[in-house]
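A.B. asks: Questions regarding the structure given below will be posed in turn.
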Amino acid sequence: MFYLKLLGLKKNWFCRGGGKLSSFIQCVCSLTSKPLGWIFYCPDLQVNRLETQIWIKPDIQKTDVDFSEILNAIQEIAKDVNIFFDELEGVNSPSKDDDSLLHHGNLTSTSDDASRLEVVGEEVPDKNKTNGLYFRDGKCRIDYILVYRKSNPQTEKREVFERNIRAEGLQMEKESSLTNSDIIFVKLHAPWEVLGKYAELMNVRMPFRRKIYYLHRRYKFMNRIEKQISRFRGWLPRKPMKLDKETLPDLEENDCYTAPFSQQRIHHFIIHNKETFFNNATRSRIVHHILQRVKYEEGKNKIGLNRLLSNGSYEAAFPLHEGSYRSKNSIRTHGAENHRHLLYECWASWGVWYKYQPLDLVRRYFGEKIGLYFAWLGWYTGMLFPAAFIGLFVFLYGVTTLNHCQVSKEVCQATDIIMCPICDKYCPFMRLSDSCVYAKVTHLFDNGATVFFAVFMAVWATVFLEFWKRRRAVIAYDWDLIDWEEEEEEIRPQFEAKYSKKERMNPISGKPEPYQAFADKCSRLIVSASGIFFMICVVIAAVFGIVIYRVVTVSTFAAFKWALIRNNSQVATTGTAVCINFCIIMLLNVLYEKVALFLTNLEQPRTESEWENSFTLKMFLFQFVNLNSSTFYIAFFLGRFTGHPGAYLRLINRWRLEECHPSGCLIDLCMQMGIIMVLKQTWNNFMELGYPLIQNWWTRRKLRQEYGTQRKTSFPQWEKDYNLQPMNAYGLFDEYLEMILQFGFTTIFVAAFPLAPLLALLNNIIEIRLDAYKFVTQWRRPLASRAKDIGIWYGILEGIGILSVITNAFVIAVTSDFIPRLVYAYKYGPCAGQGEAGQKCMVGYVNASLSVFLVSDFENRSEPTSNGSEFSGSPLKYCRYRDYRDPPHSPVPYGYTLQFWHVLAARLAFIIVFEHLVFCIKHLISYLIPDLPKDLRDRMRREKYLIQEMMYEAELERLQKERKERKKNGKSYHNEWP
């Protein structure tokens, strides 16, 4: 306990502080009379069981004593006794939240007490006290915000936690909310000494010397080529996609060599101002690191802010945004107000959609983990340009060759070919020429360039991943992530609580920790795998339901009253089935998230990264199977196992399986992919931006109604940020998952839908700005975390790349008519044996691909109500269907022909040759493209060499200075070095 006694003429005043210097000073400032003298003393104060420390200040014999003199003296003494206050607090603090630091919220964040305290220190700009980024004194920047409610019962844990926070050296100030007095904001500030100490412990790399750039050795021939290229560039616009360098700030750390911060070698680092040496993201990361290691209860594992957030002791924890993202003044004339405003104007604004992203600024503001996500997204979007261009070229090639396609001509001219009904009873006979439009549309996607495009996309996926490795290496070098390794993670509280009775020595830390037995782990993994298998069976059951819907509704639409639907019954069936399938997909996604959470928690992963990887893998499997199961059915099963007229295969011996359109099944696959891809991306964009926008708008609306527009604009920054939406509980999981699923759509069935890369490109151009706008304006500022790469997602991308080769081979061989046409051209057509496969060689292909069926052989339940007399005036005797079967009067009626076996063998051969060829090309490209660029390798070696030289020179210079100083003082020694 410490006291202050003020001696007056008529009355003496007495102030006591219970371990709280700030409440003690408030008591002093509340006194209004002029004292004659004062005494400051701290009785019964023990430190490390040493003798009692007592400070006594003699009386000041003055008739008029200024409060500033008292406060200055108190602060001088406080420098000596401040280290004892935290020891006292554990004894003298009451068993409730300490509100001695609490100030009631006000619009200007200043009060009479604060204004009196300003007399003590230096003059502080009024802007610092009103923008909500500093403490009430306007000097200490707020590095972190904790939020809790007074009504929360976890008072004792918060009290111990906050006392230990102050013991670590962090400064704290509390403020009640302007909108709800029950909400308390705890503002934290890390002084220079704390930042330096923990920056050294965390190996935070800081700039210490300007980079020395050097030119590579160039040959004369290369110099000439560069001159010619520079002349050609003179005729082109001056890099319109790059951001204006005058707008972006000069980020000093990008032009400097960095090294792990060390207080012993602090003179080596470039420190212009200690307040700005550590940027805001680094300061908040250091504070978060401290908070994760502070105890809140007595016990070896009762530590960490995450545990307090999970048990409800604190409601939220976040670093502050750097002010508003809007400004009344133009950024071109007055500059940016802060980094957030600069990011909004140069990155999140729709007017810069064609510009490159300021990744260095994104990394500085949001940290390396988020910066890497946007770097990967930008790289993926940039790589989509050639894929989209080639896909559009394949589509346009189909458009230009449409009038020259012999197959579509024959289909359109086949007015005398009558096709068998595609469903039971209600479906009528139809002319083959009625499917002329579908034949032409099919040619747009299934033409001679499709195989080339499938090979190109398989190679493109490999090139994309290999060049991303190189791009990631450059980014990791520029952002000082090459030598960074994740520190040993703390054990998850759930794992600790479950296995606290069994402990084993950690081989890394050498400390005992909870241990999960191998048998227990295996049993949990088996149960989890069974759950995954069950949920995949649920998806298959949903697909089975869609199949039944398609089978039933084909007959229903065929008997519809409206001629438009009746004549296009199969298209109507496919369209409605896709929309219903999309609704089922979205409903199952909600279920899958809960199941994935349950199964992951059932496995009891040891650390947060293990939990995140397990959850990510499950969610990807669920979402991938859910999204693509119907597409796989249409691509590889639709119309393949239907039997033939007179002997149809049926579900539960009742429903006849659906057949392909007379023009093939590829049009159904195109519709499935197009509708799902557009609807999924539209829904995701709405949920990512529209939902937070609506929530934030509703919050602002309530605040305007309650407090008015002018008062709302004067809210401090912590109040504004608290009203924003928190970042997703799973971090960047949703963003990555959306893009990975899109990558699967772009590569897996691209042979059936060449416009998929173009749709993905258009979506990603919007996606980058949507995500940027969301991070800058709609979400609280996330913690600046570090990461070296995109994690488990890279392995998933590689798996999708391998799967895409297999699926595209099957799509070309099985779904499209590419192989049957080749077989006909080389073996059965007019050019058989001549080694040609042009359009003239396809004459008669349509007739050769159709088999003949005797109408009288129809089953009773599948016999159509119409006898086909509307075509020729008399009942039909024969109809045609797509297959390679013998005619009804052959020795083996409806048996497979020799052409069928030739086509089947050609399909299998194509799959094997295509896969081996593409995989060889992929592996060759992977081998030829090094993961680390040569110039980057040289830069890294040169930097290592220069750092050693600079550190040696700096140390030598310091020792020489010390030697000169000793000589000046007459304290020279013999045999000194150097």
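In the structure tokens, each chain is lettered A, B, ... as it comes, each chain's residues begin at 1, and ligands are numbered from 1 in order of appearance.
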Counting only C-alpha atoms, what is within 12 Å of Gly312 in chain A, bar same-chain residues fewer than 6 positions away, as a ChimeraX atom specification?
C.D. replies: /A:147-155,157-158,305-306
A.B. asks: Which polymer residues have any atom within 8 Å of an atom of Ser262 in chain A, counting only C-alpha atoms, with same-chain residues fewer than 2 positions away left out, as a PyMOL selection string?
C.D. replies: chain A and resi 196+199-200+260+264-266
A.B. asks: Run DSSP on the backbone and grab whatever in range 264-403 of chain A lands in alpha helix (DSSP H); send it over as a PyMOL selection string.
C.D. replies: chain A and resi 274-277+280-291+305-310+331-334+339-343+359-366+368-400
A.B. asks: May I have a table of the residues of range 362-421 of chain A lying at most 10 Å from range 826-848 of chain A, giving each one's closest pair of atoms and their distance in Å to one decimal, counting only C-alpha atoms, ordered by chain and ascending residue number, as CSV?
C.D. replies:
residue,atom,partner,partner_atom,distance
A:His404,CA,A:Gln839,CA,7.6
A:Cys405,CA,A:Gln839,CA,6.7
A:Gln406,CA,A:Gln839,CA,5.8
A:Val407,CA,A:Val846,CA,6.5
A:Ser408,CA,A:Val846,CA,8.9
A:Lys409,CA,A:Val846,CA,9.7
A:Glu410,CA,A:Val846,CA,6.6
A:Val411,CA,A:Val846,CA,7.0
A:Ala414,CA,A:Val846,CA,8.9
A:Ile417,CA,A:Asn847,CA,8.7
A.B. asks: Would you write out those residues with all heavy atoms, as a PDB file, in the first residue's frame?
C.D. replies:
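part26.pdb, written as the output of this step:
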ATOM      1  N   HIS A 404     -19.637 -26.392 -91.499  1.00  0.00           N
ATOM      2  CA  HIS A 404     -18.873 -27.374 -92.262  1.00  0.00           C
ATOM      3  C   HIS A 404     -18.878 -28.750 -91.599  1.00  0.00           C
ATOM      4  O   HIS A 404     -18.227 -29.669 -92.108  1.00  0.00           O
ATOM      5  CB  HIS A 404     -17.428 -26.897 -92.425  1.00  0.00           C
ATOM      6  CG  HIS A 404     -17.306 -25.543 -93.046  1.00  0.00           C
ATOM      7  ND1 HIS A 404     -17.512 -25.314 -94.394  1.00  0.00           N
ATOM      8  CD2 HIS A 404     -17.026 -24.325 -92.508  1.00  0.00           C
ATOM      9  CE1 HIS A 404     -17.341 -24.036 -94.662  1.00  0.00           C
ATOM     10  NE2 HIS A 404     -17.044 -23.400 -93.527  1.00  0.00           N
ATOM     11  N   CYS A 405     -19.567 -28.885 -90.471  1.00  0.00           N
ATOM     12  CA  CYS A 405     -19.586 -30.154 -89.748  1.00  0.00           C
ATOM     13  C   CYS A 405     -20.527 -31.126 -90.459  1.00  0.00           C
ATOM     14  O   CYS A 405     -21.742 -30.874 -90.570  1.00  0.00           O
ATOM     15  CB  CYS A 405     -20.017 -29.941 -88.304  1.00  0.00           C
ATOM     16  SG  CYS A 405     -20.102 -31.457 -87.340  1.00  0.00           S
ATOM     17  N   GLN A 406     -19.995 -32.219 -90.927  1.00  0.00           N
ATOM     18  CA  GLN A 406     -20.788 -33.192 -91.675  1.00  0.00           C
ATOM     19  C   GLN A 406     -21.813 -33.875 -90.781  1.00  0.00           C
ATOM     20  O   GLN A 406     -22.939 -34.159 -91.204  1.00  0.00           O
ATOM     21  CB  GLN A 406     -19.858 -34.239 -92.295  1.00  0.00           C
ATOM     22  CG  GLN A 406     -20.553 -35.310 -93.116  1.00  0.00           C
ATOM     23  CD  GLN A 406     -21.268 -34.751 -94.330  1.00  0.00           C
ATOM     24  OE1 GLN A 406     -20.844 -33.736 -94.896  1.00  0.00           O
ATOM     25  NE2 GLN A 406     -22.370 -35.394 -94.730  1.00  0.00           N
ATOM     26  N   VAL A 407     -21.458 -34.129 -89.527  1.00  0.00           N
ATOM     27  CA  VAL A 407     -22.365 -34.835 -88.620  1.00  0.00           C
ATOM     28  C   VAL A 407     -23.610 -34.003 -88.344  1.00  0.00           C
ATOM     29  O   VAL A 407     -24.743 -34.501 -88.430  1.00  0.00           O
ATOM     30  CB  VAL A 407     -21.637 -35.188 -87.315  1.00  0.00           C
ATOM     31  CG1 VAL A 407     -22.589 -35.844 -86.322  1.00  0.00           C
ATOM     32  CG2 VAL A 407     -20.466 -36.113 -87.588  1.00  0.00           C
ATOM     33  N   SER A 408     -23.433 -32.729 -88.006  1.00  0.00           N
ATOM     34  CA  SER A 408     -24.596 -31.875 -87.734  1.00  0.00           C
ATOM     35  C   SER A 408     -25.433 -31.666 -88.994  1.00  0.00           C
ATOM     36  O   SER A 408     -26.664 -31.561 -88.913  1.00  0.00           O
ATOM     37  CB  SER A 408     -24.143 -30.535 -87.165  1.00  0.00           C
ATOM     38  OG  SER A 408     -23.293 -29.871 -88.086  1.00  0.00           O
ATOM     39  N   LYS A 409     -24.776 -31.631 -90.169  1.00  0.00           N
ATOM     40  CA  LYS A 409     -25.539 -31.520 -91.417  1.00  0.00           C
ATOM     41  C   LYS A 409     -26.444 -32.735 -91.604  1.00  0.00           C
ATOM     42  O   LYS A 409     -27.627 -32.604 -91.942  1.00  0.00           O
ATOM     43  CB  LYS A 409     -24.582 -31.401 -92.602  1.00  0.00           C
ATOM     44  CG  LYS A 409     -23.946 -30.037 -92.782  1.00  0.00           C
ATOM     45  CD  LYS A 409     -23.059 -30.053 -94.022  1.00  0.00           C
ATOM     46  CE  LYS A 409     -22.374 -28.696 -94.232  1.00  0.00           C
ATOM     47  NZ  LYS A 409     -21.512 -28.702 -95.423  1.00  0.00           N
ATOM     48  N   GLU A 410     -25.885 -33.914 -91.379  1.00  0.00           N
ATOM     49  CA  GLU A 410     -26.685 -35.124 -91.559  1.00  0.00           C
ATOM     50  C   GLU A 410     -27.830 -35.189 -90.561  1.00  0.00           C
ATOM     51  O   GLU A 410     -28.924 -35.651 -90.886  1.00  0.00           O
ATOM     52  CB  GLU A 410     -25.787 -36.353 -91.430  1.00  0.00           C
ATOM     53  CG  GLU A 410     -24.809 -36.524 -92.588  1.00  0.00           C
ATOM     54  CD  GLU A 410     -24.039 -37.821 -92.493  1.00  0.00           C
ATOM     55  OE1 GLU A 410     -24.262 -38.566 -91.524  1.00  0.00           O
ATOM     56  OE2 GLU A 410     -23.222 -38.095 -93.387  1.00  0.00           O
ATOM     57  N   VAL A 411     -27.577 -34.760 -89.332  1.00  0.00           N
ATOM     58  CA  VAL A 411     -28.647 -34.759 -88.334  1.00  0.00           C
ATOM     59  C   VAL A 411     -29.759 -33.806 -88.752  1.00  0.00           C
ATOM     60  O   VAL A 411     -30.958 -34.129 -88.656  1.00  0.00           O
ATOM     61  CB  VAL A 411     -28.089 -34.375 -86.948  1.00  0.00           C
ATOM     62  CG1 VAL A 411     -29.226 -34.154 -85.950  1.00  0.00           C
ATOM     63  CG2 VAL A 411     -27.151 -35.444 -86.424  1.00  0.00           C
ATOM     64  N   ALA A 414     -31.812 -35.266 -91.668  1.00  0.00           N
ATOM     65  CA  ALA A 414     -32.377 -36.611 -91.488  1.00  0.00           C
ATOM     66  C   ALA A 414     -33.858 -36.525 -91.154  1.00  0.00           C
ATOM     67  O   ALA A 414     -34.305 -36.889 -90.058  1.00  0.00           O
ATOM     68  CB  ALA A 414     -31.611 -37.354 -90.407  1.00  0.00           C
ATOM     69  N   ILE A 417     -35.497 -40.223 -90.867  1.00  0.00           N
ATOM     70  CA  ILE A 417     -35.081 -41.129 -89.786  1.00  0.00           C
ATOM     71  C   ILE A 417     -35.948 -40.844 -88.569  1.00  0.00           C
ATOM     72  O   ILE A 417     -35.949 -39.728 -88.032  1.00  0.00           O
ATOM     73  CB  ILE A 417     -33.593 -40.956 -89.452  1.00  0.00           C
ATOM     74  CG1 ILE A 417     -32.723 -41.323 -90.662  1.00  0.00           C
ATOM     75  CG2 ILE A 417     -33.213 -41.806 -88.250  1.00  0.00           C
ATOM     76  CD1 ILE A 417     -31.233 -41.141 -90.418  1.00  0.00           C
TER      77      ILE A 417
END
A.B. asks: Which value, in Å to one decimal, gives the distance between CA of Phe749 in chain A and CA of Ala906 in chain A?
C.D. replies: 20.8 Å
A.B. asks: Please identify all polymer residues within 9 Å of Trp376 in chain A, counting only C-alpha atoms, omitting same-chain residues fewer than 2 positions from it, and present them as a list in words.
C.D. replies: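 Surrounding residues, per the criterion: Gly371, Leu372, Tyr373, Phe374, Gly378, Trp379, Tyr380, Thr381, Trp468, Arg471, Arg472 and Ile790 of chain A.
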A.B. asks: Quick one: pull the distance between CA of Ile422 in chain A and CA of Arg880 in chain A, Å, one decimal.
C.D. replies: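 Interatomic distance, CA of Ile422 in chain A to CA of Arg880 in chain A: 11.1 Å.
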A.B. asks: If we count only C-alpha atoms, what is near range 852-860 of chain A at a cut-off of 7 Å, once residues fewer than 6 positions away on the same chain are taken out, given as a PyMOL selection string?
C.D. replies: chain A and resi 645-646+877-881+887-888
A.B. asks: Dump C-alpha atoms for the selected residues as a PDB file, in the first residue's frame?
C.D. replies:
ATOM      1  CA  PRO A 645     -35.702 -50.933 -76.845  1.00  0.00           C
ATOM      2  CA  GLY A 646     -37.595 -54.022 -75.875  1.00  0.00           C
ATOM      3  CA  LYS A 877     -42.768 -50.576 -88.414  1.00  0.00           C
ATOM      4  CA  TYR A 878     -39.200 -49.615 -87.495  1.00  0.00           C
ATOM      5  CA  CYS A 879     -37.524 -46.912 -85.392  1.00  0.00           C
ATOM      6  CA  ARG A 880     -33.879 -46.078 -84.756  1.00  0.00           C
ATOM      7  CA  TYR A 881     -31.818 -45.698 -81.550  1.00  0.00           C
ATOM      8  CA  PRO A 887     -30.976 -55.649 -86.757  1.00  0.00           C
ATOM      9  CA  PRO A 888     -34.004 -57.572 -85.419  1.00  0.00           C
TER      10      PRO A 888
END
A.B. asks: For Asn601 in chain A, work out the shell of residues within 12 Å, counting only C-alpha atoms and skipping chain neighbours fewer than 2 positions away, then give it as a list in words.
C.D. replies: Arg492, Pro493, Gln494, Phe495, Lys498, Arg524, Leu525, Val527, Ser528, Lys594, Val595, Ala596, Leu597, Phe598, Leu599, Glu603, Gln604, Pro605, Arg606, Thr607, Glu608, Glu610, Trp611, Glu612, Ser614, Phe615 and Lys618 of chain A
A.B. asks: Calculated over only C-alpha atoms, which of the candidates A:Tyr198, A:Phe278, A:Phe318, A:Tyr824 has the smallest distance to Gln263 in chain A?
C.D. replies: A:Tyr198
A.B. asks: Between CA of Ser816 in chain A and CA of Phe637 in chain A, what is the spacing in Å?
C.D. replies: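 Atom-to-atom, CA of Phe637 in chain A and CA of Ser816 in chain A are spaced 12.8 Å apart.
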A.B. asks: Which of these residues is nearest to Ile912 in chain A, using only C-alpha atoms: A:Thr865, A:Ala809, A:Glu962, A:Glu315?
C.D. replies: A:Ala809
A.B. asks: Hey, which of A:Met419, A:Leu359, A:Leu822, A:Ile142 ends up closest to Leu850 in chain A? Count only C-alpha atoms.
C.D. replies: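 Of all the options, A:Met419 lies closest to Leu850 in chain A.
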A.B. asks: Can you tell me, as a PDB file with N, CA and C atoms, in the first residue's frame, what residues are no more than 12 Å from Lys187 in chain A when counting only C-alpha atoms, ignoring any on the same chain fewer than 4 positions away?
C.D. replies:
ATOM      1  N   LEU A 101      -9.007   1.513 -13.596  1.00  0.00           N
ATOM      2  CA  LEU A 101      -8.549   2.042 -14.882  1.00  0.00           C
ATOM      3  C   LEU A 101      -9.704   2.376 -15.797  1.00  0.00           C
ATOM      4  N   LEU A 102     -10.925   2.174 -15.324  1.00  0.00           N
ATOM      5  CA  LEU A 102     -12.077   2.308 -16.196  1.00  0.00           C
ATOM      6  C   LEU A 102     -12.503   3.763 -16.306  1.00  0.00           C
ATOM      7  N   HIS A 103     -12.677   4.204 -17.569  1.00  0.00           N
ATOM      8  CA  HIS A 103     -13.233   5.522 -17.845  1.00  0.00           C
ATOM      9  C   HIS A 103     -14.543   5.323 -18.572  1.00  0.00           C
ATOM     10  N   GLY A 132      -9.173   7.790 -31.472  1.00  0.00           N
ATOM     11  CA  GLY A 132      -9.442   6.482 -30.901  1.00  0.00           C
ATOM     12  C   GLY A 132      -8.358   5.466 -31.119  1.00  0.00           C
ATOM     13  N   LEU A 133      -7.164   5.878 -31.487  1.00  0.00           N
ATOM     14  CA  LEU A 133      -6.049   4.959 -31.705  1.00  0.00           C
ATOM     15  C   LEU A 133      -5.023   5.018 -30.580  1.00  0.00           C
ATOM     16  N   TYR A 134      -5.220   5.904 -29.616  1.00  0.00           N
ATOM     17  CA  TYR A 134      -4.258   6.094 -28.523  1.00  0.00           C
ATOM     18  C   TYR A 134      -4.972   6.037 -27.192  1.00  0.00           C
ATOM     19  N   PHE A 135      -4.166   5.905 -26.138  1.00  0.00           N
ATOM     20  CA  PHE A 135      -4.706   6.019 -24.790  1.00  0.00           C
ATOM     21  C   PHE A 135      -5.212   7.448 -24.571  1.00  0.00           C
ATOM     22  N   ARG A 136      -5.767   7.665 -23.404  1.00  0.00           N
ATOM     23  CA  ARG A 136      -6.332   8.979 -23.107  1.00  0.00           C
ATOM     24  C   ARG A 136      -5.269  10.068 -23.019  1.00  0.00           C
ATOM     25  N   CYS A 140       0.356   6.862 -25.921  1.00  0.00           N
ATOM     26  CA  CYS A 140       0.491   5.406 -26.031  1.00  0.00           C
ATOM     27  C   CYS A 140      -0.472   4.875 -27.082  1.00  0.00           C
ATOM     28  N   ARG A 141       0.072   4.300 -28.136  1.00  0.00           N
ATOM     29  CA  ARG A 141      -0.760   3.734 -29.197  1.00  0.00           C
ATOM     30  C   ARG A 141      -1.407   2.445 -28.711  1.00  0.00           C
ATOM     31  N   ILE A 142      -2.670   2.265 -29.079  1.00  0.00           N
ATOM     32  CA  ILE A 142      -3.398   1.047 -28.713  1.00  0.00           C
ATOM     33  C   ILE A 142      -2.963  -0.072 -29.650  1.00  0.00           C
ATOM     34  N   ASP A 143      -2.403  -1.124 -29.067  1.00  0.00           N
ATOM     35  CA  ASP A 143      -1.909  -2.245 -29.866  1.00  0.00           C
ATOM     36  C   ASP A 143      -2.884  -3.405 -29.911  1.00  0.00           C
ATOM     37  N   TYR A 144      -3.803  -3.476 -28.966  1.00  0.00           N
ATOM     38  CA  TYR A 144      -4.727  -4.616 -28.919  1.00  0.00           C
ATOM     39  C   TYR A 144      -5.942  -4.223 -28.094  1.00  0.00           C
ATOM     40  N   ILE A 145      -7.085  -4.838 -28.410  1.00  0.00           N
ATOM     41  CA  ILE A 145      -8.334  -4.563 -27.704  1.00  0.00           C
ATOM     42  C   ILE A 145      -8.923  -5.872 -27.198  1.00  0.00           C
ATOM     43  N   LEU A 146      -9.274  -5.890 -25.925  1.00  0.00           N
ATOM     44  CA  LEU A 146     -10.032  -6.992 -25.339  1.00  0.00           C
ATOM     45  C   LEU A 146     -11.403  -6.464 -24.945  1.00  0.00           C
ATOM     46  N   VAL A 147     -12.429  -7.266 -25.122  1.00  0.00           N
ATOM     47  CA  VAL A 147     -13.806  -6.838 -24.835  1.00  0.00           C
ATOM     48  C   VAL A 147     -14.448  -7.877 -23.914  1.00  0.00           C
ATOM     49  N   TYR A 148     -15.077  -7.399 -22.842  1.00  0.00           N
ATOM     50  CA  TYR A 148     -15.831  -8.296 -21.972  1.00  0.00           C
ATOM     51  C   TYR A 148     -17.049  -7.553 -21.445  1.00  0.00           C
ATOM     52  N   GLU A 162      -5.457 -10.067 -16.150  1.00  0.00           N
ATOM     53  CA  GLU A 162      -5.052  -8.676 -16.367  1.00  0.00           C
ATOM     54  C   GLU A 162      -3.907  -8.280 -15.436  1.00  0.00           C
ATOM     55  N   ILE A 165      -0.928  -9.582 -17.052  1.00  0.00           N
ATOM     56  CA  ILE A 165      -0.606  -8.781 -18.240  1.00  0.00           C
ATOM     57  C   ILE A 165       0.251  -7.586 -17.846  1.00  0.00           C
ATOM     58  N   ARG A 166      -0.147  -6.905 -16.779  1.00  0.00           N
ATOM     59  CA  ARG A 166       0.635  -5.754 -16.313  1.00  0.00           C
ATOM     60  C   ARG A 166       1.997  -6.195 -15.801  1.00  0.00           C
ATOM     61  N   LEU A 170       2.972  -4.788 -20.062  1.00  0.00           N
ATOM     62  CA  LEU A 170       1.997  -4.133 -20.930  1.00  0.00           C
ATOM     63  C   LEU A 170       1.221  -3.089 -20.134  1.00  0.00           C
ATOM     64  N   GLN A 171       0.910  -1.987 -20.787  1.00  0.00           N
ATOM     65  CA  GLN A 171       0.101  -0.939 -20.173  1.00  0.00           C
ATOM     66  C   GLN A 171      -1.358  -1.145 -20.553  1.00  0.00           C
ATOM     67  N   MET A 172      -2.237  -0.813 -19.613  1.00  0.00           N
ATOM     68  CA  MET A 172      -3.643  -1.138 -19.786  1.00  0.00           C
ATOM     69  C   MET A 172      -4.508   0.065 -19.429  1.00  0.00           C
ATOM     70  N   GLU A 173      -5.606   0.174 -20.145  1.00  0.00           N
ATOM     71  CA  GLU A 173      -6.592   1.224 -19.870  1.00  0.00           C
ATOM     72  C   GLU A 173      -7.954   0.680 -20.258  1.00  0.00           C
ATOM     73  N   LYS A 174      -8.953   0.998 -19.463  1.00  0.00           N
ATOM     74  CA  LYS A 174     -10.295   0.486 -19.711  1.00  0.00           C
ATOM     75  C   LYS A 174     -11.236   1.621 -20.085  1.00  0.00           C
ATOM     76  N   GLU A 175     -12.235   1.262 -20.877  1.00  0.00           N
ATOM     77  CA  GLU A 175     -13.210   2.250 -21.336  1.00  0.00           C
ATOM     78  C   GLU A 175     -14.538   1.539 -21.507  1.00  0.00           C
ATOM     79  N   SER A 176     -15.589   2.136 -20.989  1.00  0.00           N
ATOM     80  CA  SER A 176     -16.914   1.545 -21.171  1.00  0.00           C
ATOM     81  C   SER A 176     -17.464   1.931 -22.532  1.00  0.00           C
ATOM     82  N   SER A 284       0.918  -5.672 -32.742  1.00  0.00           N
ATOM     83  CA  SER A 284      -0.237  -6.472 -32.324  1.00  0.00           C
ATOM     84  C   SER A 284       0.120  -7.956 -32.267  1.00  0.00           C
ATOM     85  N   VAL A 287       1.978  -8.474 -28.982  1.00  0.00           N
ATOM     86  CA  VAL A 287       1.046  -8.439 -27.849  1.00  0.00           C
ATOM     87  C   VAL A 287       0.233  -9.727 -27.799  1.00  0.00           C
ATOM     88  N   ALA A 317     -11.480 -10.160 -29.106  1.00  0.00           N
ATOM     89  CA  ALA A 317     -10.093  -9.696 -29.011  1.00  0.00           C
ATOM     90  C   ALA A 317      -9.621  -9.419 -30.432  1.00  0.00           C
ATOM     91  N   PHE A 318      -9.113  -8.217 -30.663  1.00  0.00           N
ATOM     92  CA  PHE A 318      -8.720  -7.857 -32.022  1.00  0.00           C
ATOM     93  C   PHE A 318      -7.813  -6.636 -31.986  1.00  0.00           C
ATOM     94  N   PRO A 319      -6.915  -6.505 -32.976  1.00  0.00           N
ATOM     95  CA  PRO A 319      -6.172  -5.253 -33.150  1.00  0.00           C
ATOM     96  C   PRO A 319      -7.048  -4.231 -33.869  1.00  0.00           C
ATOM     97  N   LEU A 320      -6.699  -2.963 -33.714  1.00  0.00           N
ATOM     98  CA  LEU A 320      -7.512  -1.897 -34.294  1.00  0.00           C
ATOM     99  C   LEU A 320      -7.133  -1.629 -35.739  1.00  0.00           C
ATOM    100  N   PRO A 716     -15.204   6.342 -30.971  1.00  0.00           N
ATOM    101  CA  PRO A 716     -13.772   5.985 -31.057  1.00  0.00           C
ATOM    102  C   PRO A 716     -13.588   4.753 -31.938  1.00  0.00           C
ATOM    103  N   GLN A 717     -12.344   4.527 -32.353  1.00  0.00           N
ATOM    104  CA  GLN A 717     -12.072   3.466 -33.324  1.00  0.00           C
ATOM    105  C   GLN A 717     -12.418   2.094 -32.774  1.00  0.00           C
ATOM    106  N   TRP A 718     -12.172   1.861 -31.468  1.00  0.00           N
ATOM    107  CA  TRP A 718     -12.462   0.538 -30.921  1.00  0.00           C
ATOM    108  C   TRP A 718     -13.956   0.255 -30.941  1.00  0.00           C
ATOM    109  N   GLU A 719     -14.778   1.300 -30.792  1.00  0.00           N
ATOM    110  CA  GLU A 719     -16.229   1.112 -30.854  1.00  0.00           C
ATOM    111  C   GLU A 719     -16.666   0.794 -32.279  1.00  0.00           C
TER     112      GLU A 719
END
A.B. asks: Residues near Leu797 in chain A, anyone? I mean within 9 Å using only C-alpha atoms, not counting same-chain ones fewer than 2 positions away, as a list of chain:residue names.
C.D. replies: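 The neighbour list is A:Ala461, A:Leu465, A:Ile740, A:Phe743, A:Gly744, A:Ile792, A:Trp793, A:Tyr794, A:Gly795, A:Gly799, A:Ile800, A:Gly801, A:Ile802.
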